[in-house]
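Colleague: Just one file: coords-v3.tsv, with TSV, C-alpha atoms.
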chain	number	residue	atom	x	y	z
A	1	MET	CA	198.57	295.30	99.82
A	2	LYS	CA	198.85	299.08	99.70
A	3	THR	CA	202.08	300.95	99.17
A	4	THR	CA	203.02	304.61	99.20
A	5	SER	CA	205.80	306.57	97.61
A	6	ASN	CA	207.57	307.35	100.87
A	7	LYS	CA	207.37	304.19	102.94
A	8	LEU	CA	206.68	300.50	102.86
A	9	SER	CA	203.31	299.35	104.15
A	10	PHE	CA	204.43	295.88	105.11
A	11	VAL	CA	206.30	294.69	108.17
A	12	PHE	CA	209.93	293.92	107.61
A	13	LEU	CA	211.45	290.57	108.24
A	14	LEU	CA	215.15	290.04	108.11
A	15	SER	CA	216.58	287.14	106.28
A	16	PHE	CA	219.94	285.83	107.30
A	17	VAL	CA	221.75	282.92	105.70
A	18	ILE	CA	223.93	280.54	107.70
A	19	ALA	CA	225.98	277.45	106.98
A	20	SER	CA	225.83	274.05	108.62
A	21	SER	CA	227.95	270.94	108.52
A	22	TYR	CA	227.06	267.44	107.36
A	23	GLY	CA	223.93	265.69	108.47
A	24	HIS	CA	220.64	264.14	107.51
A	25	GLY	CA	217.77	265.37	105.38
A	26	ALA	CA	215.11	264.04	103.07
A	27	ASP	CA	217.57	261.51	101.65
A	28	GLY	CA	220.57	261.77	103.97
A	29	LEU	CA	222.48	264.61	102.34
A	30	GLY	CA	221.83	267.20	105.03
A	31	PHE	CA	221.47	270.96	104.92
A	32	LYS	CA	223.98	273.64	104.10
A	33	ALA	CA	222.03	276.82	104.85
A	34	VAL	CA	218.64	278.16	105.92
A	35	SER	CA	216.95	281.54	105.64
A	36	ALA	CA	213.92	282.81	107.57
A	37	GLY	CA	211.75	285.27	105.64
A	38	GLY	CA	208.34	286.92	105.44
A	39	SER	CA	206.09	289.30	107.34
A	40	PHE	CA	203.88	288.56	110.35
A	41	SER	CA	201.09	287.08	108.24
A	42	ALA	CA	203.16	285.81	105.32
A	43	SER	CA	206.28	284.09	106.63
A	44	HIS	CA	208.26	281.54	104.67
A	45	SER	CA	211.51	279.62	105.05
A	46	LEU	CA	214.17	278.47	102.60
A	47	PHE	CA	216.41	275.43	103.10
A	48	LEU	CA	219.54	274.72	101.04
A	49	ARG	CA	220.95	271.20	100.96
A	50	HIS	CA	224.54	270.21	100.29
A	51	ASP	CA	223.57	268.89	96.86
A	52	GLY	CA	222.31	272.34	95.80
A	53	GLU	CA	218.60	271.67	96.14
A	54	VAL	CA	216.46	274.46	97.66
A	55	TRP	CA	213.32	273.55	99.58
A	56	ALA	CA	210.75	276.00	100.93
A	57	ALA	CA	207.81	276.06	103.34
A	58	GLY	CA	205.24	278.58	104.53
A	59	SER	CA	203.15	281.37	103.09
A	60	ASN	CA	203.05	281.94	99.36
A	61	LEU	CA	200.89	285.08	99.43
A	62	THR	CA	203.23	286.93	97.09
A	63	GLY	CA	204.84	283.96	95.37
A	64	ALA	CA	207.96	284.17	97.53
A	65	VAL	CA	208.11	280.39	97.97
A	66	GLY	CA	208.84	280.27	94.25
A	67	ASP	CA	207.24	276.95	93.32
A	68	GLY	CA	205.16	278.42	90.49
A	69	THR	CA	201.77	277.85	92.14
A	70	GLY	CA	200.99	280.56	94.66
A	71	TYR	CA	199.74	277.84	97.01
A	72	ALA	CA	200.73	277.92	100.68
A	73	ARG	CA	203.26	275.24	101.60
A	74	PRO	CA	202.73	273.88	105.14
A	75	ALA	CA	205.22	271.13	104.23
A	76	PRO	CA	208.56	271.82	102.52
A	77	THR	CA	208.61	271.53	98.73
A	78	LEU	CA	211.46	271.41	96.22
A	79	ILE	CA	211.98	274.76	94.42
A	80	MET	CA	215.16	274.58	92.35
A	81	THR	CA	218.55	272.90	92.03
A	82	ASP	CA	222.24	273.81	91.58
A	83	VAL	CA	221.98	276.60	94.17
A	84	ALA	CA	224.92	277.91	96.21
A	85	SER	CA	223.24	280.51	98.45
A	86	ILE	CA	219.76	281.69	99.49
A	87	SER	CA	218.12	284.75	101.04
A	88	ALA	CA	214.45	285.03	102.04
A	89	GLY	CA	213.18	288.59	102.33
A	90	PRO	CA	209.89	289.95	103.66
A	91	LEU	CA	207.94	289.18	100.49
A	92	HIS	CA	210.56	288.01	98.03
A	93	SER	CA	213.38	285.48	97.77
A	94	LEU	CA	216.80	285.47	96.14
A	95	PHE	CA	218.78	282.46	94.94
A	96	LEU	CA	222.45	282.40	93.92
A	97	LYS	CA	223.16	279.45	91.66
A	98	LYS	CA	226.47	277.63	91.38
A	99	ASP	CA	227.09	279.26	87.98
A	100	SER	CA	227.08	282.67	89.80
A	101	SER	CA	223.70	283.72	88.36
A	102	VAL	CA	221.08	285.35	90.59
A	103	TRP	CA	217.42	284.38	90.44
A	104	ALA	CA	214.53	286.21	92.14
A	105	VAL	CA	210.87	285.54	92.90
A	106	GLY	CA	208.01	287.12	94.83
A	107	TRP	CA	206.73	290.64	95.36
A	108	VAL	CA	207.83	293.09	92.66
A	109	GLY	CA	206.81	296.33	94.43
A	110	PHE	CA	209.40	299.06	94.06
A	111	GLY	CA	211.78	296.86	92.06
A	112	ALA	CA	213.14	294.58	94.78
A	113	LEU	CA	213.58	291.70	92.33
A	114	GLY	CA	215.88	293.79	90.16
A	115	ASP	CA	214.13	292.56	87.01
A	116	GLY	CA	213.29	296.01	85.62
A	117	HIS	CA	209.65	295.89	86.74
A	118	THR	CA	207.64	297.65	89.46
A	119	GLY	CA	204.05	297.56	90.63
A	120	GLU	CA	201.41	295.69	92.62
A	121	CYS	CA	202.35	292.32	91.17
A	122	ALA	CA	204.43	289.26	91.91
A	123	ARG	CA	206.41	286.54	90.21
A	124	ILE	CA	205.64	282.99	91.30
A	125	THR	CA	208.52	281.39	89.36
A	126	PRO	CA	212.17	282.53	89.78
A	127	VAL	CA	213.69	284.56	86.94
A	128	ARG	CA	217.36	285.29	86.24
A	129	ILE	CA	218.51	288.78	87.23
A	130	MET	CA	222.28	288.97	86.82
A	131	THR	CA	225.48	286.91	86.59
A	132	GLY	CA	229.00	287.01	88.01
A	133	THR	CA	227.66	287.20	91.57
A	134	MET	CA	229.03	285.75	94.83
A	135	ALA	CA	226.45	286.80	97.47
A	136	VAL	CA	222.85	288.05	97.77
A	137	SER	CA	220.76	289.61	100.54
A	138	ALA	CA	217.03	290.35	100.52
A	139	GLY	CA	215.85	293.24	102.70
A	140	SER	CA	212.61	295.07	103.36
A	141	GLY	CA	211.70	295.92	99.79
A	142	HIS	CA	215.25	296.11	98.47
A	143	SER	CA	217.95	293.66	97.45
A	144	LEU	CA	221.75	293.69	97.52
A	145	PHE	CA	224.01	291.77	95.14
A	146	LEU	CA	227.75	291.27	95.66
A	147	LYS	CA	229.62	290.54	92.45
A	148	LYS	CA	232.82	288.55	92.13
A	149	ASP	CA	234.81	291.71	91.42
A	150	GLY	CA	233.91	293.09	94.87
A	151	THR	CA	231.35	295.62	93.66
A	152	VAL	CA	227.94	295.83	95.36
A	153	TRP	CA	224.75	296.50	93.45
A	154	GLY	CA	221.26	297.20	94.76
A	155	SER	CA	217.67	297.48	93.58
A	156	GLY	CA	214.23	298.21	94.97
A	157	TYR	CA	212.87	300.68	97.49
A	158	ASN	CA	215.24	303.55	98.30
A	159	GLY	CA	213.12	305.97	100.32
A	160	HIS	CA	215.66	305.97	103.17
A	161	GLY	CA	218.77	305.80	101.00
A	162	GLU	CA	219.25	302.09	101.71
A	163	LEU	CA	220.64	301.50	98.22
A	164	GLY	CA	223.49	303.84	99.09
A	165	ASP	CA	223.69	305.44	95.65
A	166	GLY	CA	223.41	309.03	96.94
A	167	SER	CA	219.71	309.34	96.13
A	168	LYS	CA	216.27	308.32	97.39
A	169	THR	CA	215.14	307.13	93.98
A	170	ASP	CA	213.74	303.61	93.76
A	171	ARG	CA	215.58	301.35	91.32
A	172	SER	CA	213.98	298.53	89.34
A	173	LEU	CA	217.36	297.53	87.89
A	174	PRO	CA	220.49	297.06	90.05
A	175	VAL	CA	222.73	300.11	90.44
A	176	GLN	CA	226.32	300.03	91.64
A	177	ILE	CA	226.90	301.17	95.21
A	178	MET	CA	230.54	300.61	96.20
A	179	ALA	CA	233.61	298.44	95.63
A	180	ASP	CA	236.08	296.26	97.57
A	181	VAL	CA	233.29	294.56	99.52
A	182	VAL	CA	233.32	290.99	100.88
A	183	ALA	CA	229.94	290.75	102.66
A	184	ILE	CA	226.50	292.40	102.53
A	185	SER	CA	223.37	292.49	104.68
A	186	ALA	CA	220.07	294.15	103.76
A	187	GLY	CA	217.85	295.14	106.70
A	188	GLY	CA	214.70	297.08	107.45
A	189	GLY	CA	215.27	300.11	105.24
A	190	PHE	CA	219.04	300.12	105.68
A	191	SER	CA	222.09	298.23	104.45
A	192	LEU	CA	225.42	297.08	105.86
A	193	PHE	CA	228.58	296.50	103.83
A	194	LEU	CA	231.79	294.79	104.99
A	195	LYS	CA	234.89	295.79	103.05
A	196	LYS	CA	238.06	293.80	102.44
A	197	ASP	CA	239.95	295.84	105.04
A	198	GLY	CA	237.51	294.78	107.80
A	199	SER	CA	235.69	298.12	107.93
A	200	VAL	CA	231.89	298.26	108.05
A	201	TRP	CA	229.92	300.84	106.09
A	202	ALA	CA	226.19	301.57	106.32
A	203	SER	CA	223.45	303.55	104.58
A	204	GLY	CA	219.71	304.14	104.88
A	205	ASN	CA	217.27	304.49	107.76
A	206	ASN	CA	218.93	305.52	111.03
A	207	LYS	CA	215.95	306.45	113.21
A	208	TYR	CA	217.17	304.35	116.13
A	209	GLY	CA	220.91	304.55	115.48
A	210	GLN	CA	220.97	301.23	113.63
A	211	LEU	CA	223.73	302.42	111.31
A	212	GLY	CA	226.00	302.70	114.35
A	213	ASP	CA	227.67	305.91	113.19
A	214	GLY	CA	226.95	307.85	116.39
A	215	SER	CA	223.96	309.71	114.99
A	216	LYS	CA	220.32	309.26	113.97
A	217	THR	CA	220.89	310.90	110.61
A	218	GLU	CA	219.60	309.10	107.53
A	219	ARG	CA	222.40	308.33	105.07
A	220	THR	CA	222.04	308.08	101.29
A	221	LEU	CA	225.72	307.28	100.88
A	222	PRO	CA	227.53	304.61	102.97
A	223	VAL	CA	229.31	305.92	106.08
A	224	ARG	CA	232.09	304.15	107.94
A	225	VAL	CA	230.99	302.58	111.23
A	226	MET	CA	233.76	300.42	112.73
A	227	THR	CA	236.79	298.28	111.88
A	228	ASP	CA	238.23	294.82	112.47
A	229	VAL	CA	234.88	293.17	111.65
A	230	VAL	CA	234.43	289.71	110.09
A	231	ALA	CA	230.62	289.37	109.92
A	232	ILE	CA	227.56	291.67	109.82
A	233	SER	CA	223.81	291.27	110.24
A	234	ALA	CA	221.17	293.93	109.60
A	235	GLY	CA	217.90	293.41	111.47
A	236	GLY	CA	214.58	295.19	111.43
A	237	ASN	CA	215.91	298.23	113.28
A	238	HIS	CA	219.22	297.11	114.77
A	239	SER	CA	222.61	295.83	113.65
A	240	LEU	CA	225.05	293.21	114.86
A	241	PHE	CA	228.80	293.25	114.22
A	242	LEU	CA	231.13	290.29	114.86
A	243	LYS	CA	234.76	291.31	115.30
A	244	SER	CA	237.82	289.20	114.61
A	245	ASP	CA	238.41	288.67	118.33
A	246	GLY	CA	235.04	286.92	118.70
A	247	THR	CA	233.26	289.84	120.36
A	248	VAL	CA	229.81	290.96	119.21
A	249	TRP	CA	228.75	294.59	119.12
A	250	ALA	CA	225.29	296.02	118.48
A	251	SER	CA	223.51	299.31	117.77
A	252	GLY	CA	219.99	300.55	117.08
A	253	ARG	CA	216.53	299.95	118.53
A	254	ASN	CA	216.56	298.18	121.89
A	255	ILE	CA	213.06	298.52	123.38
A	256	TYR	CA	212.80	294.73	123.87
A	257	GLY	CA	216.47	294.10	124.64
A	258	ALA	CA	217.54	292.99	121.16
A	259	LEU	CA	220.98	294.53	121.66
A	260	GLY	CA	221.59	292.25	124.63
A	261	ASN	CA	223.51	294.79	126.69
A	262	GLY	CA	221.27	294.58	129.76
A	263	THR	CA	219.22	297.69	128.99
A	264	THR	CA	216.29	298.73	126.80
A	265	ALA	CA	217.88	302.00	125.68
A	266	ASP	CA	218.64	302.52	121.98
A	267	ARG	CA	222.30	302.81	120.96
A	268	VAL	CA	223.68	305.08	118.23
A	269	LEU	CA	227.16	303.64	118.74
A	270	PRO	CA	227.83	299.87	118.87
A	271	ALA	CA	227.86	298.40	122.39
A	272	LEU	CA	229.74	295.25	123.43
A	273	ILE	CA	227.34	292.32	123.87
A	274	MET	CA	229.25	289.09	124.38
A	275	THR	CA	232.48	287.24	123.66
A	276	ASP	CA	233.54	283.94	122.08
A	277	VAL	CA	230.98	284.20	119.28
A	278	ALA	CA	231.17	282.39	115.93
A	279	ALA	CA	227.93	283.47	114.16
A	280	ILE	CA	225.25	286.18	114.47
A	281	SER	CA	221.73	286.88	113.21
A	282	ALA	CA	219.67	290.03	113.82
A	283	GLY	CA	215.93	289.56	113.51
A	284	VAL	CA	213.03	291.91	114.19
A	285	GLU	CA	213.45	293.07	117.80
A	286	PHE	CA	215.56	290.05	118.78
A	287	SER	CA	219.00	288.58	118.13
A	288	LEU	CA	220.57	285.13	117.93
A	289	PHE	CA	224.18	284.09	118.44
A	290	VAL	CA	226.24	280.92	118.09
A	291	LYS	CA	229.21	280.71	120.42
A	292	THR	CA	232.49	278.98	119.69
A	293	ASP	CA	231.38	276.08	121.92
A	294	GLU	CA	228.47	275.56	119.46
A	295	THR	CA	225.74	276.69	121.85
A	296	ALA	CA	222.95	278.97	120.57
A	297	TRP	CA	221.93	282.07	122.53
A	298	GLY	CA	219.22	284.71	122.13
A	299	THR	CA	218.00	288.02	123.49
A	300	GLY	CA	215.10	290.44	122.99
A	301	MET	CA	211.46	290.01	121.94
A	302	ASN	CA	210.00	286.62	122.78
A	303	ARG	CA	206.21	286.99	122.74
A	304	PHE	CA	205.89	284.26	120.10
A	305	GLY	CA	208.49	282.01	121.67
A	306	GLN	CA	211.05	282.84	119.00
A	307	LEU	CA	213.95	282.63	121.47
A	308	GLY	CA	213.14	278.97	122.11
A	309	THR	CA	213.56	279.22	125.87
A	310	GLY	CA	210.19	277.63	126.68
A	311	THR	CA	208.76	280.89	128.05
A	312	LYS	CA	207.61	284.33	126.89
A	313	LEU	CA	210.13	286.12	129.10
A	314	GLU	CA	212.07	288.76	127.16
A	315	PRO	CA	215.68	288.87	128.37
A	316	THR	CA	217.88	291.93	127.88
A	317	THR	CA	221.04	289.81	127.95
A	318	PRO	CA	221.64	286.63	125.91
A	319	VAL	CA	220.30	283.34	127.31
A	320	GLN	CA	221.25	279.86	126.14
A	321	ILE	CA	218.78	278.07	123.87
A	322	MET	CA	220.30	274.79	122.66
A	323	GLU	CA	223.56	272.94	122.02
A	324	ASN	CA	225.26	271.32	119.03
A	325	VAL	CA	224.43	274.28	116.77
A	326	LYS	CA	226.40	275.49	113.74
A	327	GLY	CA	224.20	278.39	112.72
A	328	VAL	CA	221.08	280.43	113.40
A	329	SER	CA	218.60	282.49	111.41
A	330	ALA	CA	216.39	285.07	113.12
A	331	GLY	CA	213.17	286.07	111.41
A	332	GLU	CA	210.41	288.42	112.47
A	333	ASN	CA	208.72	286.11	114.95
A	334	PHE	CA	210.40	282.73	114.46
A	335	SER	CA	213.89	281.27	114.44
A	336	LEU	CA	215.75	278.53	112.57
A	337	PHE	CA	218.69	276.48	113.86
A	338	LEU	CA	221.14	274.20	112.05
A	339	THR	CA	222.80	271.46	114.08
A	340	ASN	CA	226.16	269.80	113.56
A	341	ASP	CA	224.52	266.74	112.03
A	342	GLY	CA	222.68	268.85	109.43
A	343	ALA	CA	219.24	268.79	111.05
A	344	VAL	CA	216.99	271.86	110.95
A	345	PHE	CA	215.04	273.03	114.00
A	346	GLY	CA	212.49	275.83	114.24
A	347	VAL	CA	210.71	277.71	117.01
A	348	GLY	CA	208.21	280.54	117.43
A	349	GLN	CA	205.28	281.59	115.28
A	350	ASN	CA	204.11	279.02	112.73
A	351	ARG	CA	200.82	280.44	111.45
A	352	SER	CA	202.04	280.26	107.85
A	353	GLY	CA	203.58	276.81	108.20
A	354	GLN	CA	207.07	278.25	107.89
A	355	LEU	CA	208.46	275.77	110.42
A	356	GLY	CA	207.41	272.88	108.20
A	357	VAL	CA	205.48	271.17	111.01
A	358	GLU	CA	201.88	271.16	112.21
A	359	GLY	CA	201.00	273.60	114.97
A	360	GLN	CA	200.45	277.35	115.39
A	361	LYS	CA	203.29	278.21	117.74
A	362	PHE	CA	206.24	276.57	119.51
A	363	PHE	CA	208.21	277.74	122.56
A	364	THR	CA	211.00	275.18	122.33
A	365	PRO	CA	212.80	274.17	119.11
A	366	VAL	CA	211.20	271.36	117.07
A	367	GLU	CA	212.85	269.42	114.28
A	368	MET	CA	211.56	270.15	110.80
A	369	SER	CA	209.17	267.43	109.67
A	370	PHE	CA	210.95	266.78	106.37
A	371	CYS	CA	214.17	265.85	108.13
A	372	GLY	CA	214.47	262.06	108.04
A	373	ARG	CA	211.61	261.54	105.54
A	374	THR	CA	212.06	260.21	102.04
A	375	ARG	CA	211.56	262.50	99.07
A	376	SER	CA	208.65	260.37	97.87
A	377	GLU	CA	206.88	260.93	101.20
A	378	VAL	CA	207.42	264.67	100.94
A	379	GLU	CA	206.14	264.76	97.36
A	380	ALA	CA	203.06	262.71	98.27
A	381	GLU	CA	202.13	265.21	100.96
A	382	LYS	CA	202.62	268.07	98.50
A	383	GLN	CA	200.35	266.46	95.92
A	384	ALA	CA	197.64	265.84	98.49
A	385	TRP	CA	197.76	269.46	99.57
A	386	ASP	CA	197.66	270.71	95.97
A	387	GLU	CA	194.54	268.67	95.37
A	388	THR	CA	192.74	270.59	98.11
A	389	MET	CA	194.03	273.93	96.76
A	390	ARG	CA	193.49	273.29	93.05
A	391	ASN	CA	190.39	275.47	92.74
A	392	ASP	CA	191.35	277.99	95.41
A	393	ARG	CA	194.01	280.62	94.62
A	394	SER	CA	192.74	283.03	97.27
A	395	SER	CA	196.06	282.84	99.05
A	396	LEU	CA	197.77	284.63	96.16
A	397	ILE	CA	196.93	288.28	96.84
A	398	VAL	CA	198.44	290.07	93.84
A	399	GLN	CA	198.50	289.90	90.07
A	400	ILE	CA	201.00	287.43	88.62
A	401	LEU	CA	203.76	288.99	86.53
A	402	THR	CA	204.77	286.89	83.52
A	403	ASP	CA	206.61	289.51	81.46
A	404	PRO	CA	210.28	288.62	80.89
A	405	PRO	CA	212.82	290.42	83.05
A	406	ARG	CA	214.72	293.38	81.74
A	407	THR	CA	218.42	293.32	82.48
A	408	HIS	CA	221.14	295.83	83.18
A	409	GLU	CA	223.76	293.50	81.69
Let's see the structure in the file written out as structure tokens.
Modeller:
Amino acid sequence: MKTTSNKLSFVFLLSFVIASSYGHGADGLGFKAVSAGGSFSASHSLFLRHDGEVWAAGSNLTGAVGDGTGYARPAPTLIMTDVASISAGPLHSLFLKKDSSVWAVGWVGFGALGDGHTGECARITPVRIMTGTMAVSAGSGHSLFLKKDGTVWGSGYNGHGELGDGSKTDRSLPVQIMADVVAISAGGGFSLFLKKDGSVWASGNNKYGQLGDGSKTERTLPVRVMTDVVAISAGGNHSLFLKSDGTVWASGRNIYGALGNGTTADRVLPALIMTDVAAISAGVEFSLFVKTDETAWGTGMNRFGQLGTGTKLEPTTPVQIMENVKGVSAGENFSLFLTNDGAVFGVGQNRSGQLGVEGQKFFTPVEMSFCGRTRSEVEAEKQAWDETMRNDRSSLIVQILTDPPRTHE
């Protein structure tokens, strides 16, 4: 993988974390959250169960699966325990443990892990980054951390000002960005921040108007976008905003209809998309929504079947996908769904095994293969796969970093 000083050479994939209710899983405990991460050729997924266990599937090219091997995982494998929240980025993953500590794994690059290191290397085992944290978000080469005191910190690539610290200097250790924040979302070279008063602020790349501030001007300091917002989601090049009245608004790149407003014209100011919405997820060139009636909807790019409609048609307004859904996670070319009974479904591209099932591509949602299986069955499949990979580490494309993390604390 080649990188330059002024831009990232990899394709961004948004990760978005969502919650589900009770249900079934490998041993009946069900899933609490999922996160879709990775690039076109290196996608992976994270699954968080109610008991705090994190499972992962898919590509491990840069160690982002975090199982300490660098082996691809076509079937989900257990990564760590006592976890409260997860976020899968393009080439790295973040884990927030129940003790409020943050752990990171994967591509080091410009400092996205926040461990004080940079370079063409990767960690294959999670390391602790910071404590006192309540939320994490992994973006396209940068990471955001929301601490319990309401301050936001960021590390990694900053060529567009996505870290919001007033500069374009990359940071290998987290730097403070702003205060009084309750939610964060790291996107494709830009960041969104939701403050306690319901106002949304944004910084970074604004080529398509994704910041929603009425311009296409890059921002190195957060600018105020809109008010009365309760949830945010930063995609590859567009943003979604969920207001307190249940309406969804969107801005940014719209060439495939990701904004869902019936056009393919970019928007520099947020446009009204739909009403009666409970959850949102902005992916790369497409968007997913959960309505208050627990139906899932999608709009935008669909060439890999990521909308789950059974076709490759690319709608410019939201279309219904499935029912009985509590949450959605839009990736670059695949989607994850959580149902009311705690089951996990996936659809779209599966070339890296990120859906946890056999097959290259799916156009309608399929249930993850580890749902309903015993843990011993899952572990047996993992061991069989490892046996075939034992003498082949070709899937790990970078040098492994084993140096201990440096810390800002």
Colleague: So the first atom is CA of Asp293 (chain A) and the second is CA of Met274 (chain A); what is the distance between them in Å, to one decimal place?
Modeller: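 About the pair CA of Asp293 (chain A) and CA of Met274 (chain A): they are 13.4 Å apart.
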Colleague: For Met178 (chain A), find every residue with an atom within 12 Å (counting only C-alpha atoms), except residues of its own chain fewer than 2 positions away, and show them as a PDB file with C-alpha atoms, keeping the file's coordinate frame.
Modeller:
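Full text of selection.pdb as output:
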ATOM      1  CA  LEU A 144     221.750 293.690  97.520  1.00  0.00           C
ATOM      2  CA  PHE A 145     224.010 291.770  95.140  1.00  0.00           C
ATOM      3  CA  LEU A 146     227.750 291.270  95.660  1.00  0.00           C
ATOM      4  CA  LYS A 147     229.620 290.540  92.450  1.00  0.00           C
ATOM      5  CA  ASP A 149     234.810 291.710  91.420  1.00  0.00           C
ATOM      6  CA  GLY A 150     233.910 293.090  94.870  1.00  0.00           C
ATOM      7  CA  THR A 151     231.350 295.620  93.660  1.00  0.00           C
ATOM      8  CA  VAL A 152     227.940 295.830  95.360  1.00  0.00           C
ATOM      9  CA  TRP A 153     224.750 296.500  93.450  1.00  0.00           C
ATOM     10  CA  GLY A 154     221.260 297.200  94.760  1.00  0.00           C
ATOM     11  CA  LEU A 163     220.640 301.500  98.220  1.00  0.00           C
ATOM     12  CA  GLY A 164     223.490 303.840  99.090  1.00  0.00           C
ATOM     13  CA  ASP A 165     223.690 305.440  95.650  1.00  0.00           C
ATOM     14  CA  GLY A 166     223.410 309.030  96.940  1.00  0.00           C
ATOM     15  CA  VAL A 175     222.730 300.110  90.440  1.00  0.00           C
ATOM     16  CA  GLN A 176     226.320 300.030  91.640  1.00  0.00           C
ATOM     17  CA  ASP A 180     236.080 296.260  97.570  1.00  0.00           C
ATOM     18  CA  VAL A 181     233.290 294.560  99.520  1.00  0.00           C
ATOM     19  CA  VAL A 182     233.320 290.990 100.880  1.00  0.00           C
ATOM     20  CA  ALA A 183     229.940 290.750 102.660  1.00  0.00           C
ATOM     21  CA  ILE A 184     226.500 292.400 102.530  1.00  0.00           C
ATOM     22  CA  LEU A 192     225.420 297.080 105.860  1.00  0.00           C
ATOM     23  CA  PHE A 193     228.580 296.500 103.830  1.00  0.00           C
ATOM     24  CA  LEU A 194     231.790 294.790 104.990  1.00  0.00           C
ATOM     25  CA  LYS A 195     234.890 295.790 103.050  1.00  0.00           C
ATOM     26  CA  LYS A 196     238.060 293.800 102.440  1.00  0.00           C
ATOM     27  CA  TRP A 201     229.920 300.840 106.090  1.00  0.00           C
ATOM     28  CA  ALA A 202     226.190 301.570 106.320  1.00  0.00           C
ATOM     29  CA  SER A 203     223.450 303.550 104.580  1.00  0.00           C
ATOM     30  CA  LEU A 221     225.720 307.280 100.880  1.00  0.00           C
ATOM     31  CA  PRO A 222     227.530 304.610 102.970  1.00  0.00           C
ATOM     32  CA  VAL A 223     229.310 305.920 106.080  1.00  0.00           C
TER      33      VAL A 223
END
Colleague: When distances are computed from all atoms listed in the file, which of A:Arg128, A:Lys148, A:His44, A:Lys32 shows the smallest separation from Gly346 (chain A)?
Modeller: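 Closest to Gly346 (chain A) of all the choices is A:His44.
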Colleague: Record the distance separating CA of Gly331 (chain A) and CA of Leu113 (chain A), expressed in Å with one decimal.
Modeller: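 Taking CA of Gly331 (chain A) as the start and CA of Leu113 (chain A) as the end point, the length is 19.9 Å.
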Colleague: Measuring atom to atom with only C-alpha atoms, identify which of A:Asp228, A:Ile273, A:Trp249, A:Leu401 is nearest to Gly119 (chain A).
Modeller: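 Counting only C-alpha atoms, the residue closest to Gly119 (chain A) is A:Leu401.
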Colleague: I'd like to know which of A:Phe345, A:Tyr157, A:Phe337, A:Trp107 is closest to Gly63 (chain A), using only C-alpha atoms.
Modeller: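 Smallest distance to Gly63 (chain A) is found for A:Trp107.
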Colleague: Of the candidates A:Val34, A:Ile129, A:Cys121, A:Met80, which shows the shortest atom-to-atom distance to Ser100 (chain A), using all atoms listed in the file?
Modeller: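 Of A:Val34, A:Ile129, A:Cys121, A:Met80, the one nearest Ser100 (chain A), counting all atoms listed in the file, is A:Ile129.
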Colleague: If you count only C-alpha atoms, which residues fall within 9 Å of Thr227 (chain A), apart from same-chain ones fewer than 3 positions away, as a ChimeraX atom specification?
Modeller: /A:197-200,224,243
Colleague: Grab the residues selected above and save them as a PDB file, in the frame of the given file with C-alpha atoms.
Modeller:
ATOM      1  CA  ASP A 197     239.950 295.840 105.040  1.00  0.00           C
ATOM      2  CA  GLY A 198     237.510 294.780 107.800  1.00  0.00           C
ATOM      3  CA  SER A 199     235.690 298.120 107.930  1.00  0.00           C
ATOM      4  CA  VAL A 200     231.890 298.260 108.050  1.00  0.00           C
ATOM      5  CA  ARG A 224     232.090 304.150 107.940  1.00  0.00           C
ATOM      6  CA  LYS A 243     234.760 291.310 115.300  1.00  0.00           C
TER       7      LYS A 243
END
Colleague: Could you check which residues have any atom within 7 Å of (210.7, 282.0, 107.0), counting only C-alpha atoms with coordinates taken straight from the file, and then list them as a count of residues only?
Modeller: 12
Colleague: Quick one: residues within 9 Å of Ser155 (chain A), all atoms listed in the file counted, chain neighbours fewer than 6 positions away excluded, as a list in words?
Modeller: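 Returned residues: Phe110, Gly111, Ala112, Leu113, Gly114, Asp115, Gly141, His142, Ser143, Leu144, Phe145, Leu163, Asp170, Arg171, Ser172, Leu173, Pro174 and Val175 of chain A.
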Colleague: List the neighbours of Ala250 (chain A) out to 6 Å using all atoms listed in the file; skip same-chain residues closer than 2 positions along the sequence, and give me the result as a list in words.
Modeller: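 Counting only the stated atoms, we get Ser239, Leu240, Leu259, Pro270 and Ala271 of chain A.
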Colleague: Please identify all polymer residues within 12 Å of Thr62 (chain A), counting all atoms listed in the file, omitting same-chain residues fewer than 3 positions from it, and present them as an NGL selection string.
Modeller: :A and (1 or 38-39 or 41-44 or 58-59 or 65-72 or 89-93 or 105-109 or 120-125 or 393-401)
Colleague: Using Å and a single decimal, report how far CA of Leu61 (chain A) sits from CA of Ile79 (chain A).
Modeller: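 It comes out at 16.0 Å.
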Colleague: Residues around (218.2, 302.0, 118.5), cut-off 8 Å, counting all atoms listed in the file - what are they as a list in words?
Modeller: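 Taken together, the residues in range are Lys207, Tyr208, Gly209, Gln210, Asn237, His238, Ser251, Gly252, Arg253, Asn254, Ile255, Ala265, Asp266, Arg267 and Val268 of chain A.
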Colleague: So, with all atoms listed in the file as the atoms that count, which of A:Gly188, A:Pro126, A:Pro365, A:Gly52 lies closest to Gly161 (chain A)?
Modeller: A:Gly188
Colleague: With only C-alpha atoms as the atoms that count, which of A:Thr275, A:Ser335, A:Thr131, A:Asn60 lies nearest to Phe304 (chain A)?
Modeller: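 That would be A:Ser335, the residue with the smallest distance to Phe304 (chain A).
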